[in-house]
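This report concerns only the one structure given below.
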Amino acid sequence: MTVAVPEAARVLLDQPLVVDLATVRPDGAPQVNPMWFLFEDGLIWFTHTDYRQKFRNLQHEPRVAISILPEGDPYNYLEIRGGLERIEPDPTGSLYTRLAERYGQGSIVPPDAADRVKIAIRPTRFSGNALKK
């Protein structure tokens, strides 16, 4: 299911903000981690490795929640709910490098590049105070 991206959400998604990505562990417990991201072609992209818990969480339960807090205005938050669209191998760490550049860290190839994957999340719902302004 594709939903329209509200303009107020797009403004936040276009910024290099650190977001909180919430997933569900196989035992039902929530897990939240700060993440770099890229919004492109209607998808929210993350980089990760194929051996960590968050990767296993997404394979078990593909639904996620993402929280974005604008710098200096945490009450103007955006919540995005969505689902795993796809996971792509990224053995050169190209998305990590692209994100490192986006977040001002320079052109970095991660040491775990061989284990890297690109994770695409399709937004299904937008909510939060950012949309009420």
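Letters A, B, ... mark the chains of the structure tokens in the order given; residue numbers begin at 1 per chain; ligand numbers begin at 1, in order shown.
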
* **alpha helix (DSSP H) call set, DSSP backbone run, region 28-119 of chain A, as a list in words** =>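 In region 28-119 of chain A, DSSP puts these residues in alpha helix (DSSP H): Gln53, Lys54, Phe55, Arg56, Asn57, Leu58, Gln59, His60, Ser94, Leu95, Tyr96, Thr97, Arg98, Leu99, Ala100, Glu101 and Arg102 of chain A.
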
* Asked: Leaving out Phe55 (chain A) and any residue of its chain fewer than 6 positions from it, which residues lie within 10 Å of it when counting only C-alpha atoms, given as a PyMOL selection string?
  -> chain A and resi 23+25+48-49+62+87+117+119

* Asked: Which residues come within 12 Å of Leu17 (chain A), counting only C-alpha atoms, excluding same-chain residues fewer than 4 positions away, as a list in words?
  ->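 Returned residues: Val11, Leu12, Leu13, Pro34, Met35, Trp36, Phe37, Leu38, Phe39, Ile66, Ser67, Ile68, Leu69, Pro70, Glu71, Gly72, Pro74, Tyr77, Leu78, Leu99, Arg102, Tyr103 and Gly104 of chain A.
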
* Please identify which residues in region 69-98 of chain A DSSP calls strand (DSSP E or B) from the backbone, and express them as a PyMOL selection string. => chain A and resi 78-89

* Of the residues A:Leu95, A:Ala8, A:Asn33, A:Asp20, which is the one nearest to Arg52 (chain A), using only C-alpha atoms? ->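 Smallest distance to Arg52 (chain A) is found for A:Asn33.
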
* **For Ile44 (chain A): contacts at 12 Å, only C-alpha atoms, fewer than 4 positions along chain excluded, given as a VMD selection string** => chain A and resid 5 10 13 to 14 19 21 35 to 40 64 to 66 80 to 87 118 to 124

* Just the residues within 12 Å of Ser94 (chain A), please, counting only C-alpha atoms, with nothing from its chain fewer than 4 positions along; format it as number ranges by chain. => A: 46-48, 88-90, 98-101, 107-110, 112-118

* Grab the CA of Tyr75 (chain A) to CA of Ala130 (chain A) distance for me, in Å with one decimal place. =>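 Atom-to-atom, CA of Tyr75 (chain A) and CA of Ala130 (chain A) are spaced 8.2 Å apart.
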